[in-house]
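This is protein-v4.txt (compact mmCIF, C-alpha atoms).
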# COMPACT_ATOMS: atom_id res chain seq x y z
CA GLY A 1391 0.00 0.00 0.00
CA ALA A 1392 0.96 3.68 -0.18
CA HIS A 1393 1.64 3.68 3.56
CA SER A 1394 4.09 0.81 3.05
CA TYR A 1395 6.14 2.94 0.66
CA VAL A 1396 6.08 5.98 2.96
CA ALA A 1397 7.33 3.87 5.89
CA TYR A 1398 10.01 2.30 3.68
CA ALA A 1399 11.16 5.72 2.45
CA LEU A 1400 11.29 7.16 5.97
CA CYS A 1401 13.70 4.37 6.87
CA GLY A 1402 15.94 5.34 3.96
CA GLY A 1403 15.12 2.35 1.78
CA ASP A 1404 16.38 -0.18 4.32
CA ASP A 1405 15.55 -3.72 3.11
CA GLU A 1406 14.18 -4.64 6.54
CA ALA A 1407 11.69 -1.79 6.23
CA CYS A 1408 10.17 -3.29 3.08
CA ALA A 1409 6.95 -4.59 4.64
CA CYS A 1410 3.18 -4.98 4.29
CA ASP A 1411 0.38 -5.42 6.79
CA PRO A 1412 -1.91 -8.50 6.56
CA THR A 1413 -5.09 -6.49 5.90
CA THR A 1414 -3.58 -4.82 2.85
CA ALA A 1415 -1.93 -8.07 1.75
CA SER A 1416 -5.27 -9.86 1.92
CA THR A 1417 -6.64 -7.56 -0.79
CA THR A 1418 -4.09 -8.91 -3.30
CA GLY A 1419 -5.23 -12.54 -3.52
CA LEU A 1420 -1.60 -13.59 -3.02
CA LEU A 1421 -1.89 -15.00 0.52
CA THR A 1422 -2.45 -18.63 1.44
CA PRO A 1423 -6.17 -19.12 2.18
CA PRO A 1424 -6.94 -18.82 5.91
CA ARG A 1425 -7.63 -22.09 7.69
CA LEU A 1426 -8.98 -22.38 11.21
CA SER A 1427 -6.35 -23.95 13.42
CA ARG A 1428 -6.93 -26.52 16.13
CA ILE A 1429 -6.37 -23.69 18.58
CA ILE A 1430 -9.96 -22.53 18.64
CA GLY A 1431 -10.67 -19.06 17.34
CA THR A 1432 -7.44 -18.36 15.50
CA VAL A 1433 -5.95 -18.82 12.07
CA PRO A 1434 -2.22 -19.30 11.48
CA GLU A 1435 -0.12 -16.21 10.79
CA PRO A 1436 -0.65 -15.18 7.17
CA THR A 1437 1.97 -16.13 4.60
CA TRP A 1438 2.43 -15.41 0.93
CA ALA A 1439 1.35 -18.28 -1.34
CA VAL A 1440 4.94 -18.68 -2.49
CA GLU A 1441 4.49 -21.99 -4.28
CA SER A 1442 1.51 -20.82 -6.32
CA ILE A 1443 3.04 -17.42 -7.11
CA GLY A 1444 6.32 -19.00 -8.15
CA ALA A 1445 4.56 -21.28 -10.62
CA PHE A 1446 4.20 -18.34 -13.02
CA ASP A 1447 7.11 -17.74 -15.37
CA GLY A 1448 9.09 -14.63 -14.58
CA VAL A 1449 7.48 -14.09 -11.16
CA ASN A 1450 9.88 -14.12 -8.20
CA PRO A 1451 7.99 -14.45 -4.89
CA SER A 1452 11.13 -13.54 -2.94
CA LEU A 1453 10.52 -9.94 -4.00
CA LEU A 1454 7.35 -9.76 -1.90
CA PRO A 1455 7.68 -7.74 1.32
CA ARG A 1456 7.70 -9.32 4.74
CA LEU A 1457 4.39 -9.29 6.60
CA VAL A 1458 4.09 -7.21 9.78
CA THR A 1459 1.53 -9.17 11.80
CA GLY A 1460 -0.34 -8.76 15.08
CA SER A 1461 -2.17 -5.92 16.78
CA THR A 1462 1.00 -4.77 18.59
CA PRO A 1463 3.66 -4.76 15.86
CA ALA A 1464 7.23 -3.67 16.51
CA PRO A 1465 8.75 -0.76 14.56
CA ILE A 1466 10.08 -1.66 11.11
CA GLY A 1467 13.01 0.75 11.42
CA GLU A 1468 14.00 4.30 12.21
CA VAL A 1469 13.88 7.63 10.40
CA SER A 1470 17.14 7.78 8.49
CA ARG A 1471 19.44 10.78 8.31
CA TRP A 1472 19.35 10.59 4.51
CA THR A 1473 15.53 10.88 4.49
CA ALA A 1474 15.54 13.70 7.05
CA ASP A 1475 18.04 15.65 4.95
CA ALA A 1476 16.19 14.95 1.68
CA LEU A 1477 12.85 16.11 3.12
CA ASN A 1478 14.33 18.89 5.23
CA LEU A 1479 12.98 17.31 8.40
CA PRO A 1480 14.16 18.41 11.86
CA ALA A 1481 17.35 16.63 12.89
CA SER A 1482 15.60 15.54 16.09
CA LEU A 1483 13.50 13.08 14.04
CA VAL A 1484 16.54 11.04 13.02
CA GLY A 1485 16.39 7.71 14.83
CA VAL A 1486 12.70 8.00 15.73
CA PRO A 1487 10.99 4.58 15.41
CA VAL A 1488 8.84 4.08 12.30
CA PHE A 1489 5.71 1.94 12.62
CA HIS A 1490 4.23 0.46 9.47
CA GLY A 1491 0.54 0.88 10.34
CA VAL A 1492 -2.35 -0.75 8.49
CA GLY A 1493 -4.47 0.05 5.44
CA ASP A 1494 -7.57 2.22 5.36
CA LEU A 1495 -10.14 -0.48 6.13
CA ALA A 1496 -8.25 -1.84 9.14
CA SER A 1497 -7.36 1.67 10.36
CA THR A 1498 -10.98 2.80 10.20
CA THR A 1499 -12.20 -0.41 11.83
CA VAL A 1500 -9.84 -0.16 14.81
CA GLY A 1501 -10.48 3.57 15.16
CA ALA A 1502 -14.25 3.06 15.07
CA VAL A 1503 -14.71 0.01 17.33
CA GLY A 1504 -11.32 -0.66 18.96
CA ILE A 1505 -9.51 -3.97 19.33
CA GLY A 1506 -10.67 -5.77 22.47
CA ALA A 1507 -14.33 -4.88 22.02
CA SER A 1508 -14.42 -5.39 18.28
CA SER A 1509 -15.55 -9.03 18.18
CA GLY A 1510 -18.98 -8.88 16.57
CA ALA A 1511 -18.93 -5.08 16.28
CA SER A 1512 -20.19 -3.26 13.19
CA TYR A 1513 -19.90 0.26 11.83
CA MET A 1514 -20.40 2.18 8.61
CA TYR A 1515 -18.06 4.48 6.72
CA LEU A 1516 -19.34 7.34 4.57
CA GLY A 1517 -16.54 9.10 2.75
CA THR A 1518 -15.83 9.41 -0.97
CA SER A 1519 -16.41 5.67 -1.06
CA GLY A 1520 -18.41 3.79 1.55
CA TRP A 1521 -18.82 0.49 3.32
CA ILE A 1522 -20.40 -1.37 6.18
CA ALA A 1523 -18.02 -3.66 8.03
CA ARG A 1524 -18.36 -6.30 10.72
CA CYS A 1525 -15.65 -7.81 12.91
CA VAL A 1526 -16.41 -11.53 12.90
CA PRO A 1527 -14.60 -14.28 14.85
CA TRP A 1528 -13.01 -16.87 12.56
CA THR A 1529 -14.97 -19.55 14.41
CA ASP A 1530 -18.15 -18.01 12.98
CA ILE A 1531 -16.74 -18.10 9.44
CA LEU A 1532 -14.68 -21.25 8.95
CA SER A 1533 -15.01 -24.84 10.03
CA VAL A 1534 -11.93 -26.65 11.35
CA ASP A 1535 -12.13 -29.21 8.54
CA GLY A 1536 -12.21 -26.45 5.91
CA THR A 1537 -15.54 -27.51 4.40
CA GLU A 1538 -17.52 -24.42 5.41
CA ASP A 1539 -16.96 -20.75 4.66
CA ARG A 1540 -19.90 -18.59 5.66
CA TYR A 1541 -18.94 -15.40 3.83
CA VAL A 1542 -18.44 -16.41 0.23
CA GLY A 1543 -20.47 -14.55 -2.34
CA ASP A 1544 -20.65 -11.67 -4.76
CA GLY A 1545 -20.22 -8.26 -3.16
CA VAL A 1546 -18.95 -9.40 0.26
CA PHE A 1547 -15.25 -9.11 1.04
CA ARG A 1548 -13.38 -10.80 3.87
CA LEU A 1549 -10.05 -9.35 4.93
CA LEU A 1550 -7.61 -10.08 7.72
CA HIS A 1551 -7.99 -8.11 10.96
CA PRO A 1552 -4.95 -6.98 13.00
CA ASP A 1553 -6.36 -9.24 15.73
CA PRO A 1554 -5.70 -12.78 14.41
CA SER A 1555 -8.88 -14.14 16.03
CA LEU A 1556 -11.04 -11.87 13.84
CA ALA A 1557 -11.80 -11.16 10.21
CA ILE A 1558 -13.14 -7.91 8.77
CA VAL A 1559 -16.18 -8.76 6.66
CA ALA A 1560 -17.28 -5.81 4.55
CA ALA A 1561 -19.65 -4.83 1.79
CA SER A 1562 -18.49 -1.68 0.03
CA MET A 1563 -19.72 0.76 -2.57
CA VAL A 1564 -17.26 2.41 -4.92
CA THR A 1565 -18.86 5.85 -4.72
CA ALA A 1566 -20.75 7.10 -1.65
CA GLY A 1567 -19.94 10.70 -0.70
CA GLY A 1568 -18.51 11.08 -4.19
CA ASN A 1569 -22.11 11.22 -5.41
CA VAL A 1570 -22.67 14.41 -3.42
CA GLU A 1571 -19.50 15.90 -4.89
CA PHE A 1572 -20.81 15.12 -8.36
CA ALA A 1573 -24.32 16.41 -7.61
CA ARG A 1574 -23.29 19.69 -5.99
CA LYS A 1575 -20.98 20.57 -8.89
CA THR A 1576 -23.51 19.51 -11.52
CA LEU A 1577 -26.84 20.63 -10.07
CA LEU A 1578 -25.97 23.77 -8.08
CA PRO A 1579 -24.62 27.14 -9.29
CA LYS A 1580 -21.03 28.09 -8.59
CA GLY A 1581 -20.64 30.02 -5.36
CA SER A 1582 -23.59 28.23 -3.81
CA ASN A 1583 -22.60 24.62 -4.34
CA SER A 1584 -21.00 23.43 -1.11
CA ALA A 1585 -22.06 20.20 0.57
CA LYS A 1586 -24.02 22.31 3.06
CA ASP A 1587 -25.79 24.05 0.18
CA LEU A 1588 -26.81 20.68 -1.25
CA ASP A 1589 -28.12 19.61 2.16
CA ALA A 1590 -30.17 22.79 2.39
CA ARG A 1591 -31.67 22.29 -1.06
CA ALA A 1592 -32.41 18.63 -0.36
CA ASN A 1593 -34.13 19.62 2.86
CA ASP A 1594 -36.63 21.65 0.80
CA ALA A 1595 -37.85 18.46 -0.92
CA LYS A 1596 -40.19 15.87 0.55
CA ALA A 1597 -38.94 12.50 1.78
CA GLY A 1598 -39.20 10.08 -1.11
CA SER A 1599 -38.14 12.76 -3.62
CA ASP A 1600 -41.53 12.64 -5.37
CA GLY A 1601 -40.65 9.24 -6.78
CA VAL A 1602 -37.34 10.31 -8.34
CA LEU A 1603 -34.74 7.57 -7.91
CA TYR A 1604 -30.97 7.84 -8.01
CA LEU A 1605 -28.55 5.01 -8.79
CA PRO A 1606 -25.22 5.83 -7.08
CA HIS A 1607 -22.91 3.79 -9.30
CA LEU A 1608 -20.92 6.60 -10.92
CA ASN A 1609 -17.66 4.65 -11.06
CA GLY A 1610 -18.86 1.05 -11.27
CA GLU A 1611 -19.82 -1.03 -8.26
CA ARG A 1612 -18.46 -3.60 -5.81
CA SER A 1613 -21.48 -4.41 -3.63
CA PRO A 1614 -24.12 -5.77 -3.62
CA PHE A 1615 -23.01 -6.69 -7.14
CA THR A 1616 -19.64 -6.35 -8.83
CA ASP A 1617 -19.69 -4.51 -12.16
CA PRO A 1618 -16.99 -2.01 -13.16
CA THR A 1619 -19.16 -0.80 -16.06
CA ALA A 1620 -22.16 0.19 -13.89
CA ARG A 1621 -23.02 3.88 -13.99
CA GLY A 1622 -25.24 6.32 -12.10
CA ALA A 1623 -28.66 7.56 -13.16
CA LEU A 1624 -31.55 9.77 -12.13
CA VAL A 1625 -34.79 7.94 -12.92
CA ASN A 1626 -38.47 8.95 -13.05
CA LEU A 1627 -37.89 12.63 -13.85
CA SER A 1628 -40.84 14.78 -14.89
CA PRO A 1629 -41.48 18.45 -15.73
CA ALA A 1630 -42.30 18.91 -12.03
CA THR A 1631 -38.90 17.67 -10.88
CA THR A 1632 -36.91 20.38 -9.12
CA THR A 1633 -33.27 20.79 -8.22
CA ALA A 1634 -34.21 20.21 -4.59
CA THR A 1635 -35.91 16.94 -5.52
CA MET A 1636 -32.85 15.70 -7.40
CA CYS A 1637 -30.54 16.71 -4.54
CA ARG A 1638 -32.63 14.73 -2.07
CA ALA A 1639 -32.83 11.77 -4.46
CA VAL A 1640 -29.02 11.59 -4.48
CA LEU A 1641 -28.89 11.37 -0.69
CA GLU A 1642 -31.66 8.79 -0.64
CA GLY A 1643 -30.10 6.72 -3.44
CA VAL A 1644 -26.88 6.37 -1.47
CA ALA A 1645 -28.88 5.54 1.67
CA TYR A 1646 -30.74 2.73 -0.10
CA ASN A 1647 -27.48 1.33 -1.40
CA TYR A 1648 -26.28 1.15 2.21
CA ARG A 1649 -29.36 -0.91 2.92
CA THR A 1650 -28.35 -3.40 0.23
CA LEU A 1651 -24.87 -3.54 1.82
CA SER A 1652 -26.47 -4.27 5.17
CA ASN A 1653 -28.59 -7.02 3.63
CA ALA A 1654 -25.54 -8.53 1.91
CA LEU A 1655 -23.90 -8.87 5.32
CA GLY A 1656 -26.98 -10.49 6.83
CA MET A 1657 -27.69 -7.56 9.15
CA ASP A 1658 -31.21 -6.89 10.38
CA THR A 1659 -33.12 -4.08 8.62
CA THR A 1660 -36.56 -4.86 10.05
CA GLY A 1661 -36.36 -2.33 12.88
CA ALA A 1662 -35.64 -4.95 15.53
CA ILE A 1663 -32.21 -3.53 16.42
CA ASP A 1664 -32.07 -0.64 18.88
CA GLU A 1665 -28.28 -0.54 19.16
CA PRO A 1666 -26.90 2.47 17.24
CA LEU A 1667 -24.62 1.77 14.29
CA PRO A 1668 -21.47 3.94 14.54
CA MET A 1669 -20.84 6.13 11.50
CA VAL A 1670 -17.47 7.57 10.51
CA GLY A 1671 -16.22 9.58 7.55
CA GLY A 1672 -16.91 13.09 6.33
CA GLY A 1673 -20.52 12.31 5.41
CA ALA A 1674 -21.31 11.93 9.12
CA ARG A 1675 -21.40 15.73 9.35
CA SER A 1676 -24.70 15.87 7.43
CA LYS A 1677 -27.66 15.58 9.81
CA LEU A 1678 -30.14 15.12 6.93
CA TRP A 1679 -28.08 12.35 5.37
CA THR A 1680 -27.50 10.48 8.62
CA SER A 1681 -31.17 10.68 9.54
CA THR A 1682 -32.13 9.47 6.05
CA ILE A 1683 -29.79 6.49 6.37
CA ALA A 1684 -31.19 5.72 9.83
CA ASP A 1685 -34.71 5.70 8.39
CA VAL A 1686 -33.71 3.44 5.50
CA LEU A 1687 -31.73 1.00 7.69
CA ARG A 1688 -34.48 1.13 10.35
CA ARG A 1689 -31.99 1.49 13.17
CA PRO A 1690 -30.32 4.37 15.02
CA ILE A 1691 -27.13 5.84 13.55
CA ALA A 1692 -24.44 7.27 15.84
CA PRO A 1693 -22.03 9.60 13.99
CA LYS A 1694 -18.67 9.81 15.73
CA SER A 1695 -17.84 13.30 16.98
CA ASP A 1696 -14.41 13.03 15.34
CA ALA A 1697 -15.63 10.98 12.39
CA ALA A 1698 -13.10 12.42 9.94
CA SER A 1699 -10.05 11.49 12.09
CA VAL A 1700 -11.07 8.00 13.20
CA ALA A 1701 -8.85 6.28 10.63
CA ALA A 1702 -5.77 8.23 11.75
CA ARG A 1703 -6.28 7.07 15.34
CA GLY A 1704 -6.83 3.51 14.19
CA CYS A 1705 -3.66 3.57 12.10
CA ALA A 1706 -1.64 4.69 15.13
CA ALA A 1707 -3.27 2.17 17.48
CA GLY A 1708 -0.61 -0.50 16.96
CA ALA A 1709 2.12 1.98 17.86
CA PHE A 1710 0.10 3.15 20.88
CA ARG A 1711 -0.14 -0.44 22.13
CA TYR A 1712 3.52 -1.20 21.48
CA LEU A 1713 4.57 1.94 23.39
CA ARG A 1714 2.03 1.13 26.15
CA LEU A 1715 0.17 4.38 25.60
CA TRP A 1716 -3.08 2.50 24.99
CA GLU A 1717 -4.06 -0.92 26.28
CA GLY A 1718 -6.77 -1.71 23.76
CA ALA A 1719 -9.08 -3.01 26.48
CA ASP A 1720 -12.71 -3.90 25.80
CA GLY A 1721 -14.74 -0.81 25.05
CA ASP A 1722 -11.65 1.39 24.83
CA LEU A 1723 -10.93 3.33 21.62
CA PRO A 1724 -7.47 4.56 20.59

Show how you would write the structure in this file as structure tokens.
Amino acid sequence: GAHSYVAYALCGGDDEACACDPTTASTTGLLTPPRLSRIIGTVPEPTWAVESIGAFDGVNPSLLPRLVTGSTPAPIGEVSRWTADALNLPASLVGVPVFHGVGDLASTTVGAVGIGASSGASYMYLGTSGWIARCVPWTDILSVDGTEDRYVGDGVFRLLHPDPSLAIVAASMVTAGGNVEFARKTLLPKGSNSAKDLDARANDAKAGSDGVLYLPHLNGERSPFTDPTARGALVNLSPATTTATMCRAVLEGVAYNYRTLSNALGMDTTGAIDEPLPMVGGGARSKLWTSTIADVLRRPIAPKSDAASVAARGCAAGAFRYLRLWEGADGDLP
């Protein structure tokens, strides 16, 4: 990932600093498939599928980076003098430990629901893209004999969690908040086309947008179906359709896609769940949008007060634990 390169560069290109975290590595399809070990609740440490990768002509699996595993990883190196000089960094940073961190999904997950309390926890992310993710124990996914795998299907992705007893099971949409960016620039006049302006216009329209529907697939789609050629659309327009109606339809279209993500993950949308679903990402700042999503999912939504910085805290969580600045106890967030 990009963070892998930044960490590697900070260490001056030291070979030992060439690394990757398991969550990011699990997006490549190059790891050995996880298998539930006889030690209940865990899977073996992830490894590259060296034999399979090496079977392809011209592919050298020894070039793959080492994997930095665990929820309390050690530093991969130190800030080098060469890097500090090249970037004009303060000399006091030379020798400071460099922690690799984890990719965006794992960072957001740990920042949103923590480590110790994350077994079974769920949350939703509403940024440029969007997803709903669950932290699921491996014992609820795999059977010891390898014959069962609960989360296999189109539109549902299963990635490794920093905690080896858990997997991150997610359903994601390629474009979530990006639809608002598109709509505000396209539908609203310059000078009055901020995200707040779009919210205000959408608030002037009735719930249901007078039957106007919006398909939020501007850049293809991952969930609940996978189709890179899918595109967005406003449907059921009439001469009575207003800008306000179209603005609200965009918010509602994204909200209904979140409902399909929730359904893909087997989450209840019947109104039987009273527990709030945490929301992170820049979209959490919109009260109209969060209330619309709550209505569509039929459950309370709890936007985080620092929703835009949750991923940064989650990325630093491993370093916090290693330095004993955060214990990662149940219910405790970094």

Find the residue from A:Val1492, A:Met1563, A:Leu1453, A:Val1570 that sits nearest to A:Ala1620; use all atoms listed in the file when measuring.
->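 Among the listed residues, A:Met1563 lies closest to A:Ala1620.
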
Grab the atom CA of A:Leu1624 to atom CA of A:Pro1693 distance for me, in Å with one decimal place.
-> 27.8 Å

Point-to-point distance from atom CA of A:Gly1391 to atom CA of A:Ala1445, Å rounded to tenths | 24.2 Å

Which one of A:Arg1703, A:Arg1711, A:Lys1586, A:Tyr1513 sits closest to A:Trp1679 if you count only C-alpha atoms?
->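 The closest residue to A:Trp1679 is A:Lys1586.
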
Using all atoms listed in the file, find each residue in stretch 1517-1627 of chain A having at least one atom no more than 9 Å away from stretch 1633-1643 of chain A; report its shortest atom-to-atom pair and that distance in Å (one decimal), rows by chain then rising number, as CSV.
residue,atom,partner,partner_atom,distance
A:Gly1567,CA,A:Leu1641,CA,9.0
A:Asn1569,CA,A:Val1640,CA,7.0
A:Val1570,CA,A:Val1640,CA,7.0
A:Ala1573,CA,A:Cys1637,CA,6.9
A:Arg1574,CA,A:Cys1637,CA,8.0
A:Leu1577,CA,A:Thr1633,CA,6.7
A:Leu1578,CA,A:Thr1633,CA,7.9
A:Leu1588,CA,A:Cys1637,CA,6.4
A:Asp1589,CA,A:Cys1637,CA,7.7
A:Ala1590,CA,A:Ala1634,CA,8.5
A:Arg1591,CA,A:Ala1634,CA,4.8
A:Ala1592,CA,A:Arg1638,CA,4.3
A:Asn1593,CA,A:Arg1638,CA,7.1
A:Asp1594,CA,A:Ala1634,CA,6.1
A:Ala1595,CA,A:Thr1635,CA,5.2
A:Lys1596,CA,A:Thr1635,CA,7.5
A:Ala1597,CA,A:Arg1638,CA,7.7
A:Gly1598,CA,A:Ala1639,CA,7.4
A:Ser1599,CA,A:Thr1635,CA,5.1
A:Asp1600,CA,A:Thr1635,CA,7.1
A:Gly1601,CA,A:Ala1639,CA,8.5
A:Val1602,CA,A:Ala1639,CA,6.1
A:Leu1603,CA,A:Ala1639,CA,5.8
A:Tyr1604,CA,A:Gly1643,CA,4.8
A:Leu1605,CA,A:Gly1643,CA,5.8
A:Pro1606,CA,A:Gly1643,CA,6.2
A:Leu1624,CA,A:Met1636,CA,7.7
A:Leu1627,CA,A:Met1636,CA,8.7

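Minimum distance to A:Asp1664 across A:Ala1476, A:Leu1651, A:Ala1481, A:Leu1687 (counting only C-alpha atoms) occurs at A:Leu1687.
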
Tell me, as a ChimeraX atom specification, which residues lie within 9 Å of A:Ala1674, counting only C-alpha atoms; anything in the same chain fewer than 5 positions away does not count.
-> /A:1515-1517,1669,1679-1680,1692-1695,1697-1698

Quick one: residues within 8 Å of (11.5, 2.5, 10.4) (file frame), counting only C-alpha atoms, please, as a PDB file with C-alpha atoms, in the frame of the given file.
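Saved file out.pdb follows:
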ATOM      1  CA  ALA A1397       7.330   3.870   5.890  1.00  0.00           C
ATOM      2  CA  TYR A1398      10.010   2.300   3.680  1.00  0.00           C
ATOM      3  CA  LEU A1400      11.290   7.160   5.970  1.00  0.00           C
ATOM      4  CA  CYS A1401      13.700   4.370   6.870  1.00  0.00           C
ATOM      5  CA  ALA A1407      11.690  -1.790   6.230  1.00  0.00           C
ATOM      6  CA  PRO A1465       8.750  -0.760  14.560  1.00  0.00           C
ATOM      7  CA  ILE A1466      10.080  -1.660  11.110  1.00  0.00           C
ATOM      8  CA  GLY A1467      13.010   0.750  11.420  1.00  0.00           C
ATOM      9  CA  GLU A1468      14.000   4.300  12.210  1.00  0.00           C
ATOM     10  CA  VAL A1469      13.880   7.630  10.400  1.00  0.00           C
ATOM     11  CA  SER A1470      17.140   7.780   8.490  1.00  0.00           C
ATOM     12  CA  VAL A1486      12.700   8.000  15.730  1.00  0.00           C
ATOM     13  CA  PRO A1487      10.990   4.580  15.410  1.00  0.00           C
ATOM     14  CA  VAL A1488       8.840   4.080  12.300  1.00  0.00           C
ATOM     15  CA  PHE A1489       5.710   1.940  12.620  1.00  0.00           C
ATOM     16  CA  HIS A1490       4.230   0.460   9.470  1.00  0.00           C
TER      17      HIS A1490
END

Please identify all polymer residues within 9 Å of A:Tyr1712, counting all atoms listed in the file, omitting same-chain residues fewer than 4 positions from it, and present them as a list in words.
->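 Selected residues are Ser1461, Thr1462, Pro1463, Ala1464, Pro1465, Ala1707, Gly1708, Trp1716 and Glu1717 of chain A.
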
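From atom CA of A:Leu1426 back to atom CA of A:Arg1612, the distance works out to 27.1 Å.
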
Contacts of stretch 1683-1685 of chain A at 9 Å or less, counting all atoms listed in the file, minus same-chain residues fewer than 6 places along, as a list in words?
->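 Near stretch 1683-1685 of chain A, the qualifying residues are Leu1641, Glu1642, Val1644, Ala1645, Tyr1646, Tyr1648, Arg1649, Leu1667 and Ile1691 of chain A.
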
Out of A:Val1458, A:Leu1556, A:Ala1496, A:Ala1561, which residue has the shortest atom-to-atom distance to A:Trp1521 when counting all atoms listed in the file?
-> A:Ala1561

Would you list the contacts of A:Pro1434 as a PDB file with C-alpha atoms, in the coordinates of the input, taking every protein, DNA or RNA residue within 8 Å and counting all atoms listed in the file, but skipping same-chain residues closer than 5 positions in sequence?
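Dumped everything to out05.pdb:
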ATOM      1  CA  PRO A1424      -6.940 -18.820   5.910  1.00  0.00           C
ATOM      2  CA  ARG A1425      -7.630 -22.090   7.690  1.00  0.00           C
ATOM      3  CA  LEU A1426      -8.980 -22.380  11.210  1.00  0.00           C
ATOM      4  CA  SER A1427      -6.350 -23.950  13.420  1.00  0.00           C
ATOM      5  CA  PRO A1554      -5.700 -12.780  14.410  1.00  0.00           C
TER       6      PRO A1554
END

From A:Gly1460, A:Trp1528, A:Thr1565, A:Gly1444, residue lying nearest A:Ala1709 [all atoms listed in the file] =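 Between A:Gly1460, A:Trp1528, A:Thr1565, A:Gly1444, the residue approaching A:Ala1709 most closely is A:Gly1460.
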